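Novice: You'll find upload-v3.cif just under this line, and it carries mmCIF, C-alpha atoms.
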```
data_data
loop_
_atom_site.group_PDB
_atom_site.id
_atom_site.type_symbol
_atom_site.label_atom_id
_atom_site.label_comp_id
_atom_site.auth_asym_id
_atom_site.auth_seq_id
_atom_site.Cartn_x
_atom_site.Cartn_y
_atom_site.Cartn_z
ATOM 1 C CA MET M 1 1.998 -16.019 -25.238
ATOM 2 C CA ARG M 2 -1.350 -14.761 -23.987
ATOM 3 C CA ARG M 3 -0.067 -14.987 -20.417
ATOM 4 C CA THR M 4 3.059 -13.001 -21.309
ATOM 5 C CA LEU M 5 0.874 -10.293 -22.864
ATOM 6 C CA GLN M 6 -1.250 -10.198 -19.720
ATOM 7 C CA LEU M 7 1.873 -9.876 -17.599
ATOM 8 C CA ALA M 8 3.146 -7.118 -19.918
ATOM 9 C CA ALA M 9 -0.114 -5.203 -19.472
ATOM 10 C CA VAL M 10 0.031 -5.532 -15.685
ATOM 11 C CA ALA M 11 3.702 -4.517 -15.707
ATOM 12 C CA THR M 12 3.073 -1.457 -17.880
ATOM 13 C CA ALA M 13 0.268 -0.249 -15.617
ATOM 14 C CA ALA M 14 2.388 -0.845 -12.504
ATOM 15 C CA GLY M 15 5.366 0.938 -14.099
ATOM 16 C CA GLY M 16 3.192 3.941 -14.903
ATOM 17 C CA PHE M 17 1.930 4.185 -11.324
ATOM 18 C CA SER M 18 5.449 3.698 -10.011
ATOM 19 C CA GLY M 19 6.999 6.468 -12.105
ATOM 20 C CA LEU M 20 4.129 8.899 -11.629
ATOM 21 C CA PHE M 21 3.528 8.393 -7.897
ATOM 22 C CA GLY M 22 6.859 7.117 -6.549
ATOM 23 C CA VAL M 23 5.340 3.850 -5.360
ATOM 24 C CA GLY M 24 6.020 0.199 -6.110
ATOM 25 C CA GLY M 25 2.800 -0.479 -7.955
ATOM 26 C CA GLY M 26 1.664 -3.357 -5.735
ATOM 27 C CA ILE M 27 -1.796 -1.844 -5.511
ATOM 28 C CA VAL M 28 -2.124 -2.482 -9.264
ATOM 29 C CA ILE M 29 -0.224 -5.767 -9.450
ATOM 30 C CA VAL M 30 -1.773 -7.727 -6.568
ATOM 31 C CA PRO M 31 -5.466 -7.462 -7.565
ATOM 32 C CA LEU M 32 -4.681 -8.070 -11.250
ATOM 33 C CA LEU M 33 -2.646 -11.195 -10.473
ATOM 34 C CA VAL M 34 -5.519 -12.505 -8.352
ATOM 35 C CA LEU M 35 -8.416 -11.608 -10.638
ATOM 36 C CA TRP M 36 -6.782 -12.006 -14.049
ATOM 37 C CA LEU M 37 -3.959 -14.532 -13.682
ATOM 38 C CA GLY M 38 -5.401 -16.921 -11.109
ATOM 39 C CA TYR M 39 -3.001 -16.173 -8.264
ATOM 40 C CA GLY M 40 -3.870 -16.715 -4.596
ATOM 41 C CA GLN M 41 -3.693 -13.604 -2.423
ATOM 42 C CA ARG M 42 -0.453 -14.470 -0.592
ATOM 43 C CA GLU M 43 1.278 -15.685 -3.760
ATOM 44 C CA ALA M 44 0.249 -12.474 -5.516
ATOM 45 C CA THR M 45 1.702 -10.466 -2.631
ATOM 46 C CA GLY M 46 5.076 -12.258 -2.717
ATOM 47 C CA THR M 47 5.405 -12.172 -6.499
ATOM 48 C CA SER M 48 4.362 -8.522 -6.564
ATOM 49 C CA LEU M 49 7.133 -7.654 -4.089
ATOM 50 C CA ALA M 50 9.737 -9.332 -6.324
ATOM 51 C CA ALA M 51 8.449 -7.344 -9.318
ATOM 52 C CA ILE M 52 8.476 -4.135 -7.259
ATOM 53 C CA VAL M 53 12.195 -4.492 -6.491
ATOM 54 C CA ILE M 54 12.887 -4.163 -10.226
ATOM 55 C CA ILE M 55 10.121 -1.658 -11.003
ATOM 56 C CA ALA M 56 11.118 0.750 -8.210
ATOM 57 C CA ALA M 57 14.804 0.451 -9.166
ATOM 58 C CA VAL M 58 13.975 1.260 -12.807
ATOM 59 C CA SER M 59 11.744 4.208 -11.846
ATOM 60 C CA ALA M 60 14.340 5.497 -9.366
ATOM 61 C CA GLY M 61 17.002 5.274 -12.084
ATOM 62 C CA LEU M 62 14.822 7.215 -14.525
ATOM 63 C CA HIS M 63 14.021 9.859 -11.888
ATOM 64 C CA ALA M 64 17.750 10.102 -11.095
ATOM 65 C CA LEU M 65 18.354 11.047 -14.743
ATOM 66 C CA TYR M 66 16.130 14.080 -14.111
ATOM 67 C CA GLY M 67 18.088 14.843 -10.917
ATOM 68 C CA ASN M 68 15.117 14.220 -8.619
ATOM 69 C CA VAL M 69 16.587 11.602 -6.283
ATOM 70 C CA ASP M 70 18.080 12.320 -2.843
ATOM 71 C CA PHE M 71 19.836 9.036 -2.123
ATOM 72 C CA GLY M 72 20.671 9.832 1.518
ATOM 73 C CA LYS M 73 17.059 10.564 2.425
ATOM 74 C CA GLY M 74 16.003 7.407 0.606
ATOM 75 C CA VAL M 75 18.317 5.412 2.858
ATOM 76 C CA LEU M 76 17.050 7.294 5.931
ATOM 77 C CA ILE M 77 13.510 6.093 5.294
ATOM 78 C CA GLY M 78 14.366 2.779 3.594
ATOM 79 C CA VAL M 79 16.548 1.208 6.309
ATOM 80 C CA PRO M 80 13.913 1.381 9.091
ATOM 81 C CA ALA M 81 11.348 0.239 6.516
ATOM 82 C CA VAL M 82 13.357 -2.943 5.853
ATOM 83 C CA PHE M 83 13.137 -3.887 9.537
ATOM 84 C CA GLY M 84 9.435 -3.008 9.541
ATOM 85 C CA ALA M 85 8.791 -5.150 6.449
ATOM 86 C CA LEU M 86 10.428 -8.206 8.019
ATOM 87 C CA ILE M 87 8.359 -7.782 11.191
ATOM 88 C CA GLY M 88 5.211 -7.146 9.128
ATOM 89 C CA THR M 89 5.614 -10.287 7.024
ATOM 90 C CA TRP M 90 6.168 -12.330 10.180
ATOM 91 C CA LEU M 91 3.032 -10.792 11.731
ATOM 92 C CA GLN M 92 0.986 -11.375 8.560
ATOM 93 C CA GLN M 93 1.224 -15.136 8.990
ATOM 94 C CA ARG M 94 0.028 -14.876 12.601
ATOM 95 C CA VAL M 95 -2.569 -12.160 13.076
ATOM 96 C CA PRO M 96 -5.694 -11.145 11.153
ATOM 97 C CA VAL M 97 -4.884 -8.212 8.876
ATOM 98 C CA ARG M 98 -8.442 -6.890 8.656
ATOM 99 C CA TRP M 99 -8.120 -4.106 11.226
ATOM 100 C CA ILE M 100 -4.665 -3.126 10.020
ATOM 101 C CA SER M 101 -6.104 -2.686 6.532
ATOM 102 C CA LEU M 102 -8.939 -0.502 7.732
ATOM 103 C CA ILE M 103 -6.734 1.635 9.990
ATOM 104 C CA PHE M 104 -4.175 2.038 7.212
ATOM 105 C CA ALA M 105 -6.961 3.077 4.814
ATOM 106 C CA ALA M 106 -8.032 5.774 7.276
ATOM 107 C CA VAL M 107 -4.408 6.976 7.608
ATOM 108 C CA LEU M 108 -4.052 7.192 3.814
ATOM 109 C CA ALA M 109 -7.257 9.227 3.543
ATOM 110 C CA ALA M 110 -6.052 11.617 6.266
ATOM 111 C CA VAL M 111 -2.648 11.999 4.553
ATOM 112 C CA ALA M 112 -4.380 12.720 1.239
ATOM 113 C CA VAL M 113 -6.332 15.562 2.861
ATOM 114 C CA GLU M 114 -3.228 16.882 4.645
ATOM 115 C CA LEU M 115 -1.259 17.027 1.356
ATOM 116 C CA VAL M 116 -3.874 19.008 -0.503
ATOM 117 C CA VAL M 117 -5.331 21.320 2.140
ATOM 118 C CA MET V 1 16.204 16.698 13.532
ATOM 119 C CA ALA V 2 12.575 16.171 14.616
ATOM 120 C CA GLY V 3 11.701 15.932 10.920
ATOM 121 C CA GLU V 4 14.321 13.229 10.358
ATOM 122 C CA LEU V 5 13.001 11.256 13.359
ATOM 123 C CA GLY V 6 9.495 11.503 11.932
ATOM 124 C CA VAL V 7 10.749 10.151 8.610
ATOM 125 C CA VAL V 8 12.513 7.231 10.331
ATOM 126 C CA ALA V 9 9.356 6.419 12.344
ATOM 127 C CA VAL V 10 7.125 6.540 9.256
ATOM 128 C CA GLY V 11 9.624 4.341 7.392
ATOM 129 C CA PHE V 12 9.460 1.706 10.114
ATOM 130 C CA LEU V 13 5.643 1.759 10.389
ATOM 131 C CA ALA V 14 5.154 1.814 6.603
ATOM 132 C CA GLY V 15 7.491 -1.192 6.388
ATOM 133 C CA ILE V 16 5.318 -3.120 8.842
ATOM 134 C CA VAL V 17 2.193 -2.226 6.863
ATOM 135 C CA SER V 18 3.790 -3.236 3.573
ATOM 136 C CA GLY V 19 4.913 -6.566 5.043
ATOM 137 C CA MET V 20 1.470 -7.258 6.462
ATOM 138 C CA LEU V 21 -0.734 -6.078 3.609
ATOM 139 C CA GLY V 22 1.629 -6.626 0.702
ATOM 140 C CA VAL V 23 0.629 -3.322 -0.851
ATOM 141 C CA GLY V 24 0.687 0.369 -0.176
ATOM 142 C CA GLY V 25 3.598 0.763 2.246
ATOM 143 C CA GLY V 26 5.565 2.875 -0.218
ATOM 144 C CA ALA V 27 2.619 5.227 -0.553
ATOM 145 C CA LEU V 28 3.567 6.730 2.833
ATOM 146 C CA PHE V 29 7.248 7.393 2.015
ATOM 147 C CA ALA V 30 6.633 10.374 -0.268
ATOM 148 C CA PRO V 31 4.107 12.089 2.051
ATOM 149 C CA ALA V 32 6.547 11.639 4.977
ATOM 150 C CA LEU V 33 9.277 13.431 3.022
ATOM 151 C CA VAL V 34 6.863 16.202 2.002
ATOM 152 C CA LEU V 35 5.254 16.730 5.413
ATOM 153 C CA PHE V 36 8.291 16.200 7.690
ATOM 154 C CA LEU V 37 11.175 17.494 5.570
ATOM 155 C CA GLY V 38 9.424 19.966 3.289
ATOM 156 C CA GLU V 39 10.532 18.226 0.089
ATOM 157 C CA SER V 40 8.716 18.959 -3.169
ATOM 158 C CA GLN V 41 6.225 16.300 -4.215
ATOM 159 C CA LEU V 42 8.373 15.366 -7.238
ATOM 160 C CA HIS V 43 11.626 14.949 -5.274
ATOM 161 C CA ALA V 44 9.807 13.110 -2.475
ATOM 162 C CA GLU V 45 8.318 10.622 -4.948
ATOM 163 C CA ALA V 46 11.665 10.005 -6.635
ATOM 164 C CA THR V 47 13.436 9.529 -3.295
ATOM 165 C CA SER V 48 10.631 7.253 -2.070
ATOM 166 C CA LEU V 49 11.539 4.827 -4.870
ATOM 167 C CA VAL V 50 15.065 4.464 -3.454
ATOM 168 C CA ALA V 51 13.536 3.396 -0.117
ATOM 169 C CA ILE V 52 11.107 0.986 -1.775
ATOM 170 C CA VAL V 53 13.847 -1.159 -3.388
ATOM 171 C CA PRO V 54 15.338 -2.600 -0.152
ATOM 172 C CA THR V 55 11.915 -2.734 1.536
ATOM 173 C CA ALA V 56 10.388 -4.789 -1.279
ATOM 174 C CA LEU V 57 13.538 -6.942 -1.429
ATOM 175 C CA ALA V 58 13.194 -7.784 2.272
ATOM 176 C CA GLY V 59 9.474 -8.459 1.795
ATOM 177 C CA ALA V 60 10.042 -10.684 -1.262
ATOM 178 C CA TRP V 61 12.794 -12.653 0.493
ATOM 179 C CA SER V 62 10.575 -13.101 3.511
ATOM 180 C CA GLN V 63 7.524 -14.152 1.442
ATOM 181 C CA GLY V 64 9.772 -16.512 -0.530
ATOM 182 C CA ARG V 65 10.653 -18.338 2.673
ATOM 183 C CA TYR V 66 6.934 -18.907 3.236
ATOM 184 C CA GLY V 67 6.625 -20.267 -0.313
ATOM 185 C CA ASN V 68 4.552 -17.324 -1.548
ATOM 186 C CA LEU V 69 6.777 -16.248 -4.432
ATOM 187 C CA ARG V 70 6.775 -17.083 -8.160
ATOM 188 C CA LEU V 71 10.176 -15.636 -8.936
ATOM 189 C CA GLY V 72 10.134 -16.163 -12.725
ATOM 190 C CA GLU V 73 6.922 -14.242 -13.292
ATOM 191 C CA GLY V 74 7.935 -11.608 -10.723
ATOM 192 C CA VAL V 75 11.132 -10.883 -12.620
ATOM 193 C CA LEU V 76 9.215 -10.903 -15.913
ATOM 194 C CA LEU V 77 6.720 -8.384 -14.496
ATOM 195 C CA GLY V 78 9.566 -6.167 -13.335
ATOM 196 C CA SER V 79 11.389 -6.321 -16.654
ATOM 197 C CA LEU V 80 8.282 -5.537 -18.694
ATOM 198 C CA ALA V 81 7.511 -2.422 -16.612
ATOM 199 C CA LEU V 82 10.177 -0.203 -18.210
ATOM 200 C CA GLY V 83 7.898 1.398 -20.809
ATOM 201 C CA GLY V 84 5.190 2.241 -18.303
ATOM 202 C CA ALA V 85 7.748 3.565 -15.840
ATOM 203 C CA ALA V 86 9.284 5.840 -18.484
ATOM 204 C CA ILE V 87 5.850 7.302 -19.244
ATOM 205 C CA GLY V 88 5.018 7.750 -15.541
ATOM 206 C CA VAL V 89 8.351 9.425 -14.762
ATOM 207 C CA ALA V 90 8.073 11.765 -17.757
ATOM 208 C CA LEU V 91 4.540 12.732 -16.712
ATOM 209 C CA ALA V 92 5.602 13.384 -13.097
ATOM 210 C CA ASN V 93 8.344 15.688 -14.392
ATOM 211 C CA VAL V 94 6.076 17.795 -16.591
ATOM 212 C CA LEU V 95 3.381 18.287 -13.950
ATOM 213 C CA ALA V 96 3.665 21.264 -11.595
ATOM 214 C CA GLU V 97 3.822 20.770 -7.797
ATOM 215 C CA ARG V 98 0.154 21.456 -7.087
ATOM 216 C CA PRO V 99 -1.441 19.182 -9.712
ATOM 217 C CA LEU V 100 1.058 16.412 -8.909
ATOM 218 C CA ARG V 101 0.105 16.621 -5.239
ATOM 219 C CA ILE V 102 -3.596 16.564 -6.079
ATOM 220 C CA ILE V 103 -3.412 13.460 -8.276
ATOM 221 C CA PHE V 104 -1.130 11.783 -5.701
ATOM 222 C CA ALA V 105 -3.754 12.514 -3.021
ATOM 223 C CA ALA V 106 -6.427 11.067 -5.316
ATOM 224 C CA PHE V 107 -4.238 7.979 -5.752
ATOM 225 C CA LEU V 108 -4.023 7.587 -1.951
ATOM 226 C CA LEU V 109 -7.823 7.727 -1.727
ATOM 227 C CA VAL V 110 -8.091 5.016 -4.397
ATOM 228 C CA VAL V 111 -5.628 2.831 -2.479
ATOM 229 C CA ALA V 112 -7.593 3.435 0.734
ATOM 230 C CA SER V 113 -10.923 2.549 -0.868
ATOM 231 C CA GLN V 114 -9.448 -0.599 -2.437
ATOM 232 C CA LEU V 115 -8.146 -1.750 0.959
ATOM 233 C CA VAL V 116 -11.562 -1.190 2.513
ATOM 234 C CA ARG V 117 -13.310 -3.042 -0.335
ATOM 235 C CA ARG V 118 -10.897 -5.962 -0.014
ATOM 236 C CA GLU V 119 -11.661 -6.277 3.695
ATOM 237 C CA LEU V 120 -15.413 -5.959 3.314
ATOM 238 C CA ARG V 121 -15.653 -8.593 0.577
ATOM 239 C CA PRO V 122 -17.308 -11.878 1.665
ATOM 240 C CA ALA V 123 -14.775 -14.525 2.674
ATOM 241 C CA PRO V 124 -15.324 -17.088 -0.164
ATOM 242 C CA GLU V 125 -14.183 -14.573 -2.802
ATOM 243 C CA ARG V 126 -10.868 -13.996 -1.069
ATOM 244 C CA LYS V 127 -8.992 -16.521 -3.146
ATOM 245 C CA GLY V 128 -6.229 -18.292 -1.323
ATOM 246 C CA GLU V 129 -6.077 -15.767 1.453
ATOM 247 C CA LEU V 130 -6.973 -18.249 4.132
ATOM 248 C CA THR V 131 -4.481 -20.909 3.061
#
```
Rewrite the coordinates I just gave you, this time as structure tokens.
Specialist:
Amino acid sequence: MRRTLQLAAVATAAGGFSGLFGVGGGIVIVPLLVLWLGYGQREATGTSLAAIVIIAAVSAGLHALYGNVDFGKGVLIGVPAVFGALIGTWLQQRVPVRWISLIFAAVLAAVAVELVV
Amino acid sequence: MAGELGVVAVGFLAGIVSGMLGVGGGALFAPALVLFLGESQLHAEATSLVAIVPTALAGAWSQGRYGNLRLGEGVLLGSLALGGAAIGVALANVLAERPLRIIFAAFLLVVASQLVRRELRPAPERKGELT
């Protein structure tokens, strides 16, 4: 019961981030599964991705009710991303991710500035 | 056309990042739609979610093959997210373009700082990561 409540709390936070920011919510789910529910990092990543399939579908459905979704453009970006994700998961098991993380962090910071300035 | 190519390229690269890091790939979809196709922040975020579904599905399937997936709890997490998602979507719809962009940018900075912290943490604390 306690575990279900913990999962519900994680899910609610992830859902909020997903709906508000148009993301999957993995950034919320993965650390909470590791720190709070005793998951290993890789297991948290895999389980988070399964949860994100449902969370993003629910958020997309809710946004569609408001008329915000452009399905064609979603496919345009989603199809190449599927191929990327398969390559990325394969790479993850073989190369250290440290530098990728740091470079990606720098890219995110630059994008944040670009969006606001 | 150049804008569409940019979106396709970002989709591919963000997919690789999401497969490798397990988090954050979707955070680039919305900015790509805003910066390359001139979409509003709200419409870009909503459309980004459509792209995340197949990307996460491919990632989950792939992680499952490596034995890194607890499907039952993943589905439970997804199912229990409805309430939070409804609140998030409602909030995104009431915010104007500028404030939505600003808090999205702040969110990106939080994601970036979390990635850096994760990498700078001493190895013993990185539970299970080396298995």
Novice: Between M:Val82, M:Ala56, M:Ala105, M:Val116, which has the minimum distance to Gly88 (chain V) (counting only C-alpha atoms)?
Specialist: M:Ala56
Novice: Write out as a count of residues only each polymer residue whose atoms come within 6 Å of Gly74 (chain V), counting all atoms listed in the file; drop sequence neighbours fewer than 5 positions from it.
Specialist: 3
Novice: Would you list the contacts of region 77-82 of chain V as JSON, numbers by chain, taking every protein, DNA or RNA residue within 8 Å and counting all atoms listed in the file, but skipping same-chain residues closer than 4 positions in sequence?
Specialist: {"M": [7, 8, 10, 11, 12, 13, 14, 15, 16, 50, 51, 52, 53, 54, 55, 58, 59], "V": [73, 86]}
Novice: From the list V:Ala106, V:Ile87, V:Val53, V:Leu28, which residue is nearest Leu13 (chain V) when using all atoms listed in the file?
Specialist: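 Using all atoms listed in the file, the shortest distance to Leu13 (chain V) belongs to V:Leu28.
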Novice: Please provide as a ChimeraX atom specification all residues within 9 Å of Ala9 (chain V), with the sequence filter that same-chain residues fewer than 3 positions apart are discarded (counting only C-alpha atoms).
Specialist: /M:77,80-81 /V:4-6,12-14
Novice: Suppose we keep C-alpha atoms; can you now write the selection as a CSV table (one decimal), keeping the file's coordinate frame?
Specialist:
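What follows is the written file result_14.csv:
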```
chain,number,residue,atom,x,y,z
M,77,ILE,CA,13.5,6.1,5.3
M,80,PRO,CA,13.9,1.4,9.1
M,81,ALA,CA,11.3,0.2,6.5
V,4,GLU,CA,14.3,13.2,10.4
V,5,LEU,CA,13.0,11.3,13.4
V,6,GLY,CA,9.5,11.5,11.9
V,12,PHE,CA,9.5,1.7,10.1
V,13,LEU,CA,5.6,1.8,10.4
V,14,ALA,CA,5.2,1.8,6.6
```
Novice: Would you kindly identify which residues have an atom no farther than 12 Å from (-1.0, -7.9, -1.4), using all atoms listed in the file and the file's own coordinates, and write them out as a ChimeraX atom specification?
Specialist: /M:24-34,39-50,52,89,92,97,101 /V:17-25,56,59-60,63,68-69,111,114-115,118-119,126-129
Novice: Could you write out the selected residues, including C-alpha atoms, as a short mmCIF file (atom, residue, chain, number, x, y, z; two decimals), keeping the file's coordinate frame?
Specialist:
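To be explicit, this is the file written out as result_26.cif:
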```
data_model
loop_
_atom_site.label_atom_id
_atom_site.label_comp_id
_atom_site.auth_asym_id
_atom_site.auth_seq_id
_atom_site.Cartn_x
_atom_site.Cartn_y
_atom_site.Cartn_z
CA GLY M 24 6.02 0.20 -6.11
CA GLY M 25 2.80 -0.48 -7.96
CA GLY M 26 1.66 -3.36 -5.74
CA ILE M 27 -1.80 -1.84 -5.51
CA VAL M 28 -2.12 -2.48 -9.26
CA ILE M 29 -0.22 -5.77 -9.45
CA VAL M 30 -1.77 -7.73 -6.57
CA PRO M 31 -5.47 -7.46 -7.56
CA LEU M 32 -4.68 -8.07 -11.25
CA LEU M 33 -2.65 -11.20 -10.47
CA VAL M 34 -5.52 -12.50 -8.35
CA TYR M 39 -3.00 -16.17 -8.26
CA GLY M 40 -3.87 -16.72 -4.60
CA GLN M 41 -3.69 -13.60 -2.42
CA ARG M 42 -0.45 -14.47 -0.59
CA GLU M 43 1.28 -15.68 -3.76
CA ALA M 44 0.25 -12.47 -5.52
CA THR M 45 1.70 -10.47 -2.63
CA GLY M 46 5.08 -12.26 -2.72
CA THR M 47 5.40 -12.17 -6.50
CA SER M 48 4.36 -8.52 -6.56
CA LEU M 49 7.13 -7.65 -4.09
CA ALA M 50 9.74 -9.33 -6.32
CA ILE M 52 8.48 -4.14 -7.26
CA THR M 89 5.61 -10.29 7.02
CA GLN M 92 0.99 -11.38 8.56
CA VAL M 97 -4.88 -8.21 8.88
CA SER M 101 -6.10 -2.69 6.53
CA VAL V 17 2.19 -2.23 6.86
CA SER V 18 3.79 -3.24 3.57
CA GLY V 19 4.91 -6.57 5.04
CA MET V 20 1.47 -7.26 6.46
CA LEU V 21 -0.73 -6.08 3.61
CA GLY V 22 1.63 -6.63 0.70
CA VAL V 23 0.63 -3.32 -0.85
CA GLY V 24 0.69 0.37 -0.18
CA GLY V 25 3.60 0.76 2.25
CA ALA V 56 10.39 -4.79 -1.28
CA GLY V 59 9.47 -8.46 1.80
CA ALA V 60 10.04 -10.68 -1.26
CA GLN V 63 7.52 -14.15 1.44
CA ASN V 68 4.55 -17.32 -1.55
CA LEU V 69 6.78 -16.25 -4.43
CA VAL V 111 -5.63 2.83 -2.48
CA GLN V 114 -9.45 -0.60 -2.44
CA LEU V 115 -8.15 -1.75 0.96
CA ARG V 118 -10.90 -5.96 -0.01
CA GLU V 119 -11.66 -6.28 3.70
CA ARG V 126 -10.87 -14.00 -1.07
CA LYS V 127 -8.99 -16.52 -3.15
CA GLY V 128 -6.23 -18.29 -1.32
CA GLU V 129 -6.08 -15.77 1.45
#
```
Novice: Would you compute the distance between CA of Arg98 (chain V) and CA of Pro54 (chain V)? Give it in Å to one decimal.
Specialist: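 Spanning CA of Arg98 (chain V) to CA of Pro54 (chain V) is a straight-line distance of 29.3 Å.
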Novice: From the list M:Gly88, M:Val107, M:Ile100, M:Gly22, which residue is nearest Gly61 (chain M) when using all atoms listed in the file?
Specialist: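 Closest residue, counting all atoms listed in the file: M:Gly22.
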Novice: Tell me which of V:Leu109, V:Leu100, V:Val8, V:Leu49 sits closest to Val69 (chain M), counting only C-alpha atoms.
Specialist: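 Closest to Val69 (chain M), using only C-alpha atoms: V:Leu49.
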Novice: Taking all atoms listed in the file into account, which of M:Val95, M:Ala110, M:Leu37, M:Val23 comes nearest chain V?
Specialist: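 Counting all atoms listed in the file, the residue closest to chain V is M:Val23.
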Novice: To one decimal in Å, tell me the separation between CA of Arg70 (chain V) and CA of Gln6 (chain M).
Specialist: 15.7 Å
Novice: Pick the closest to chain M from V:Ala112, V:Ala32, V:Ala2, V:Val10: which is it, counting only C-alpha atoms?
Specialist: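 With only C-alpha atoms as the atom set, the closest residue is V:Ala112.
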Novice: Can you tell me, as a list of chain:residue names, what residues are no more than 8 Å from Val50 (chain V) when counting only C-alpha atoms, ignoring any on the same chain fewer than 4 positions away?
Specialist: M:Ala56, M:Ala57, M:Ala60, M:Val69, M:Phe71, M:Gly74, M:Val75, M:Gly78, V:Ala46, V:Pro54
Novice: Taking the file as shown, find all residues satisfying the PyMOL selection byres ((chain V and resi 36) around 8) and write them as a ChimeraX atom specification.
Specialist: /V:3-4,6-7,32-35,37-38
Novice: Enter the distance from CA of Thr55 (chain V) to CA of Phe83 (chain M), in Å, rounded to one decimal.
Specialist: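 CA of Phe83 (chain M) lies 8.2 Å from CA of Thr55 (chain V).
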